[in-house]
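Enquirer: Can you keep this structure in mind? I'll have questions shortly.
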Amino acid sequence: MNHLHTTVIAATRRGFAAALAGLVVVGAAVLVPPAARAQGGLPEFADLAERVGPAVVNIRTTERRSARGNGGSFEIDEDMLEFFRRFGLPIPNQPAPRGQRPQPDGEPQQRGVGSGFIFSADGYVMTNAHVIEGADEVFVTLTDKRELKARVIGSDRRSDVALVKIEASGLPAVRIGDVNKLRVGEWVIAIGSPFGLENTVTAGIVSAKARDTGEFLPLIQTDVAINPGNSGGPLINMRGEVVGINSQIYSRSGGYMGISFAIPIDEAARVAEQLKTTGRVSRGRIGVSIDQVTKEVAESIGLGKAGGALVRSVEAGGPAEKAGVEPGDIITKFDGKAVEKSGDLPRIVGAVKPGSKVSLQVFRRGGTKDLSVTVAEVEPDKARRTAEAETKPQATATTLGIGVSDLSDAQKRELKLKNGVRVEVADGAAARAGLREGDVILSIDNTEISSAKQFESVVGKLDKSRAVTALVRRGDSVNFLIIRPAR
């Protein structure tokens, strides 16, 4: 045996012995591995989960409304259903079994399950707006199994951020991280309640930053496993700091498919602070319709590299028109901030306090021009919904539990329909059959429906003791629904 072979065997034996002792051999030296690393070189998540886990909560919502069919249900494949049955777990957001009547009207009904995290030790909890939207009651369950009723401080649909408050003090709160220091490829973990399974930890890496999938938010893309129930839970870096709120997944099946998105915590914290202070979020607007600037366009007009936001139209009488912005301008700077791509402009403008007078720079006919604009306010969600409610045709529920309104000419053109009525109310028997608001009823018992008045007349002549067949359009497809009277 030669000297080199003997040396290799000796080094191998030293490495094997050191590995058994939990050490790492580098040449002839023996080093203690970092505490945050497992023996295989992968990150150690156990300490992170133990440290941050107590600040993560389960959020349960209820509503005191009539059953609305399976419109809000989540379709789960057969393998997942078998998993829930085998372990005796509740199947989330599923419609009532056939033949089983839903709970009576007015009784609290389980609406959904989500996640959240304690933002401050005095009981402020952050979650997604879609987790609590439409809920009459919100309950927060802590890791010590205490369930506390929460008060909704405010929610913002545009950013999908909500803030609720529980009456407690001295709670374990999360630490907020710096999203600007977050790097693509670094490890992150999520803690939440997928499918109602509380305190579940999943891990992955940051796949991309600043994904333009939100109107006002550049989302963080990860490959962390996120499923229904994870919404509102924290995305945590390896320092145990929250860097995002898990919010969306890309999926063709409704379940996790390897791509998930989180709201950057700096953006979410700004929204939460406004909600805490005023109960609503105020954003700026200037009244322009924009598009991206392609490389070909940039080169042809002398802009150089593709960038900025192309102004396609200007709102009459709006802030941009008053400032002198014209269609065809390319906005390259706003309030001193560079507009690298069209998606940057709504976020930059939205962050400006309404009423502020700021500068903007446009590229026009081969040169730049500086303008001054007074920023207006984006119409609040609440005010917009109120306006919609005032203009929406009123509908009174019939004996079937259906209230309808006439389709406008524009709706008929869009849907390519000559007849039909829009469902505004679906309660009782109609809800049990699966009918929901927004559906279009084309016929009742083979009688074509052309108006709300005719619909009420046809329904009024039906035998109240027998089932009724309705031809219903939902989206681009049609289906027959059997509406059976209560027994």
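The way I read the labels, and the way they are meant: chains A, B, ... in the order of the structure tokens, residue 1 as the first residue of every chain, and ligand 1 as the first ligand shown, with later ones counted on from there.
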Could you tell me, as a PDB file with C-alpha atoms, in the first residue's frame, which residues of stretch 245-411 of chain A DSSP assigns to strand (DSSP E) when given the backbone?
Expert:
ATOM      1  CA  ILE A 245     -47.829  37.794   4.014  1.00  0.00           C
ATOM      2  CA  ASN A 246     -48.680  34.601   2.115  1.00  0.00           C
ATOM      3  CA  SER A 247     -51.532  35.573  -0.154  1.00  0.00           C
ATOM      4  CA  GLN A 248     -51.852  33.798  -3.506  1.00  0.00           C
ATOM      5  CA  ILE A 249     -50.926  30.668  -5.409  1.00  0.00           C
ATOM      6  CA  SER A 260     -46.844  30.962  -4.445  1.00  0.00           C
ATOM      7  CA  PHE A 261     -46.889  34.695  -3.790  1.00  0.00           C
ATOM      8  CA  ALA A 262     -46.517  36.870  -0.709  1.00  0.00           C
ATOM      9  CA  ILE A 263     -47.246  40.545  -0.068  1.00  0.00           C
ATOM     10  CA  PRO A 264     -44.017  42.379   0.883  1.00  0.00           C
ATOM     11  CA  GLY A 284     -53.188  58.903  -4.880  1.00  0.00           C
ATOM     12  CA  ARG A 285     -54.264  58.985  -8.515  1.00  0.00           C
ATOM     13  CA  VAL A 288     -54.254  58.253 -16.814  1.00  0.00           C
ATOM     14  CA  SER A 289     -54.539  54.934 -18.618  1.00  0.00           C
ATOM     15  CA  ILE A 290     -51.085  53.455 -19.194  1.00  0.00           C
ATOM     16  CA  ASP A 291     -49.282  50.670 -21.024  1.00  0.00           C
ATOM     17  CA  ALA A 309     -45.201  54.235 -18.655  1.00  0.00           C
ATOM     18  CA  LEU A 310     -46.866  55.012 -21.986  1.00  0.00           C
ATOM     19  CA  VAL A 311     -49.936  57.244 -21.519  1.00  0.00           C
ATOM     20  CA  ARG A 312     -52.715  55.805 -23.667  1.00  0.00           C
ATOM     21  CA  SER A 313     -55.481  58.141 -22.511  1.00  0.00           C
ATOM     22  CA  VAL A 314     -55.969  61.033 -20.110  1.00  0.00           C
ATOM     23  CA  ILE A 330     -44.100  58.477 -21.632  1.00  0.00           C
ATOM     24  CA  ILE A 331     -43.891  59.148 -17.899  1.00  0.00           C
ATOM     25  CA  THR A 332     -40.284  58.465 -16.885  1.00  0.00           C
ATOM     26  CA  LYS A 333     -40.192  60.009 -13.405  1.00  0.00           C
ATOM     27  CA  PHE A 334     -42.774  60.763 -10.729  1.00  0.00           C
ATOM     28  CA  LYS A 337     -38.630  58.391  -8.486  1.00  0.00           C
ATOM     29  CA  ALA A 338     -37.715  56.650 -11.734  1.00  0.00           C
ATOM     30  CA  LYS A 357     -48.282  68.758  -5.507  1.00  0.00           C
ATOM     31  CA  VAL A 358     -45.431  66.780  -7.058  1.00  0.00           C
ATOM     32  CA  SER A 359     -43.279  66.832 -10.172  1.00  0.00           C
ATOM     33  CA  LEU A 360     -43.354  64.385 -13.034  1.00  0.00           C
ATOM     34  CA  GLN A 361     -41.182  64.041 -16.091  1.00  0.00           C
ATOM     35  CA  VAL A 362     -42.479  62.950 -19.490  1.00  0.00           C
ATOM     36  CA  PHE A 363     -40.724  62.034 -22.720  1.00  0.00           C
ATOM     37  CA  ARG A 364     -42.507  63.777 -25.594  1.00  0.00           C
ATOM     38  CA  GLY A 367     -37.225  65.296 -25.522  1.00  0.00           C
ATOM     39  CA  THR A 368     -38.116  65.427 -21.836  1.00  0.00           C
ATOM     40  CA  LYS A 369     -40.519  67.858 -20.199  1.00  0.00           C
ATOM     41  CA  ASP A 370     -41.046  68.565 -16.500  1.00  0.00           C
ATOM     42  CA  LEU A 371     -44.614  69.096 -15.267  1.00  0.00           C
ATOM     43  CA  SER A 372     -46.294  69.643 -11.913  1.00  0.00           C
ATOM     44  CA  VAL A 373     -49.412  67.712 -10.875  1.00  0.00           C
ATOM     45  CA  THR A 374     -51.712  67.845  -7.867  1.00  0.00           C
ATOM     46  CA  ALA A 376     -56.135  63.301  -6.342  1.00  0.00           C
ATOM     47  CA  GLU A 377     -57.479  60.429  -4.238  1.00  0.00           C
ATOM     48  CA  ILE A 402     -84.481  34.171  -6.219  1.00  0.00           C
ATOM     49  CA  GLY A 403     -84.280  37.890  -6.891  1.00  0.00           C
ATOM     50  CA  VAL A 404     -83.363  39.005 -10.407  1.00  0.00           C
ATOM     51  CA  SER A 405     -82.758  42.158 -12.432  1.00  0.00           C
ATOM     52  CA  ASP A 406     -82.866  42.954 -16.154  1.00  0.00           C
TER      53      ASP A 406
END
Enquirer: Enumerate as a PyMOL selection string all residues of stretch 182-430 of chain A assigned to helix (DSSP H, G or I) by DSSP on the backbone, naming them with the chain letters and numbers the document uses.
Expert: chain A and resi 194-196+265-278+295-301+319-323+344-350+381-391+409-415+428-430
Enquirer: Excluding A:Met126 and residues on its chain fewer than 6 positions from it, collect all residues at most 9 Å away from it, counting only C-alpha atoms, and give them as a ChimeraX atom specification.
Expert: /A:115-119,161-165,232-233,245,268-269,272
Enquirer: Excluding A:Ile301 and any residue of its chain fewer than 3 positions from it, enumerate the residues within 9 Å of it, using only C-alpha atoms, and give them as a list in words.
Expert: Glu296, Val297, Ala298, Gly304, Arg365 and Gly366 of chain A
Enquirer: Contacts between stretch 51-64 of chain A and stretch 114-190 of chain A, please, where a residue of stretch 114-190 of chain A counts if it comes within 8 Å (with only C-alpha atoms); show its shortest atom pair and distance in Å to one decimal, rows by chain and ascending number, as CSV.
Expert:
residue,atom,partner,partner_atom,distance
A:Gly114,CA,A:Ile59,CA,5.0
A:Ser115,CA,A:Asn58,CA,4.7
A:Gly116,CA,A:Val57,CA,5.2
A:Phe117,CA,A:Val56,CA,4.3
A:Ile118,CA,A:Ala55,CA,5.3
A:Ile132,CA,A:Thr61,CA,6.6
A:Gly134,CA,A:Glu63,CA,7.4
A:Ala135,CA,A:Glu63,CA,5.2
A:Asp136,CA,A:Glu63,CA,4.7
A:Glu137,CA,A:Thr62,CA,5.3
A:Val138,CA,A:Thr61,CA,4.6
A:Phe139,CA,A:Arg60,CA,5.1
A:Val140,CA,A:Ile59,CA,4.8
A:Thr141,CA,A:Asn58,CA,5.1
A:Leu142,CA,A:Val57,CA,5.2
A:Thr143,CA,A:Pro54,CA,5.7
A:Leu171,CA,A:Ala55,CA,7.6
A:Pro172,CA,A:Ala55,CA,5.1
A:Ala173,CA,A:Ala55,CA,5.3
A:Val174,CA,A:Ala55,CA,6.0
Enquirer: Within 10 Å of stretch 415-423 of chain A, counting only C-alpha atoms, which residues qualify if same-chain residues fewer than 6 places away don't, as a count of residues only?
Expert: 33
Enquirer: Excluding same-chain residues fewer than 4 positions from A:Gly185, what lies within 12 Å of it counting only C-alpha atoms, as number ranges by chain?
Expert: A: 204-209, 220-224, 237
Enquirer: With only C-alpha atoms as the atoms that count, which of A:Gly355, A:Gly317, A:Gly302, A:Gly279 lies nearest to A:Gly154?
Expert: A:Gly279
Enquirer: So that I can see what lies close to A:Leu197, please list as a list in words the residues with an atom at most 10 Å from it, counting only C-alpha atoms and leaving out residues fewer than 2 positions away in the same chain.
Expert: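 Those residues are Asn58, Leu89, Pro90, Val113, Gly114, Gly192, Ser193, Pro194, Phe195, Asn199, Thr200, Gly229 and Asn230 of chain A.
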Enquirer: Would you export the selected residues with N, CA and C atoms as an mmCIF file, in the first residue's frame, please?
Expert:
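Everything below was put into out.cif:
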data_model
loop_
_atom_site.group_PDB
_atom_site.id
_atom_site.type_symbol
_atom_site.label_atom_id
_atom_site.label_comp_id
_atom_site.auth_asym_id
_atom_site.auth_seq_id
_atom_site.Cartn_x
_atom_site.Cartn_y
_atom_site.Cartn_z
ATOM 1 N N ASN A 58 -54.435 31.070 14.081
ATOM 2 C CA ASN A 58 -55.457 30.537 13.180
ATOM 3 C C ASN A 58 -56.642 31.490 13.209
ATOM 4 N N LEU A 89 -60.377 14.529 9.892
ATOM 5 C CA LEU A 89 -60.272 15.981 9.879
ATOM 6 C C LEU A 89 -61.462 16.592 9.143
ATOM 7 N N PRO A 90 -61.868 17.813 9.527
ATOM 8 C CA PRO A 90 -62.966 18.472 8.814
ATOM 9 C C PRO A 90 -62.534 18.867 7.409
ATOM 10 N N VAL A 113 -61.466 29.294 6.968
ATOM 11 C CA VAL A 113 -60.334 29.222 7.891
ATOM 12 C C VAL A 113 -59.120 29.824 7.194
ATOM 13 N N GLY A 114 -58.377 30.643 7.922
ATOM 14 C CA GLY A 114 -57.175 31.245 7.373
ATOM 15 C C GLY A 114 -56.119 31.368 8.454
ATOM 16 N N GLY A 192 -48.653 28.383 8.971
ATOM 17 C CA GLY A 192 -50.066 28.704 8.824
ATOM 18 C C GLY A 192 -50.951 27.505 9.061
ATOM 19 N N SER A 193 -52.169 27.584 8.527
ATOM 20 C CA SER A 193 -53.173 26.538 8.750
ATOM 21 C C SER A 193 -53.722 26.013 7.431
ATOM 22 N N PRO A 194 -52.906 25.360 6.595
ATOM 23 C CA PRO A 194 -53.427 24.830 5.337
ATOM 24 C C PRO A 194 -54.512 23.788 5.597
ATOM 25 N N PHE A 195 -55.650 23.957 4.928
ATOM 26 C CA PHE A 195 -56.789 23.057 5.104
ATOM 27 C C PHE A 195 -57.223 22.964 6.569
ATOM 28 N N ASN A 199 -50.638 25.469 12.727
ATOM 29 C CA ASN A 199 -49.192 25.457 13.012
ATOM 30 C C ASN A 199 -48.414 24.511 12.107
ATOM 31 N N THR A 200 -48.698 24.608 10.823
ATOM 32 C CA THR A 200 -47.987 23.809 9.833
ATOM 33 C C THR A 200 -46.836 24.632 9.251
ATOM 34 N N GLY A 229 -56.009 28.114 3.430
ATOM 35 C CA GLY A 229 -55.837 28.126 4.876
ATOM 36 C C GLY A 229 -54.527 28.761 5.287
ATOM 37 N N ASN A 230 -53.536 28.737 4.370
ATOM 38 C CA ASN A 230 -52.266 29.427 4.612
ATOM 39 C C ASN A 230 -52.406 30.943 4.449
#
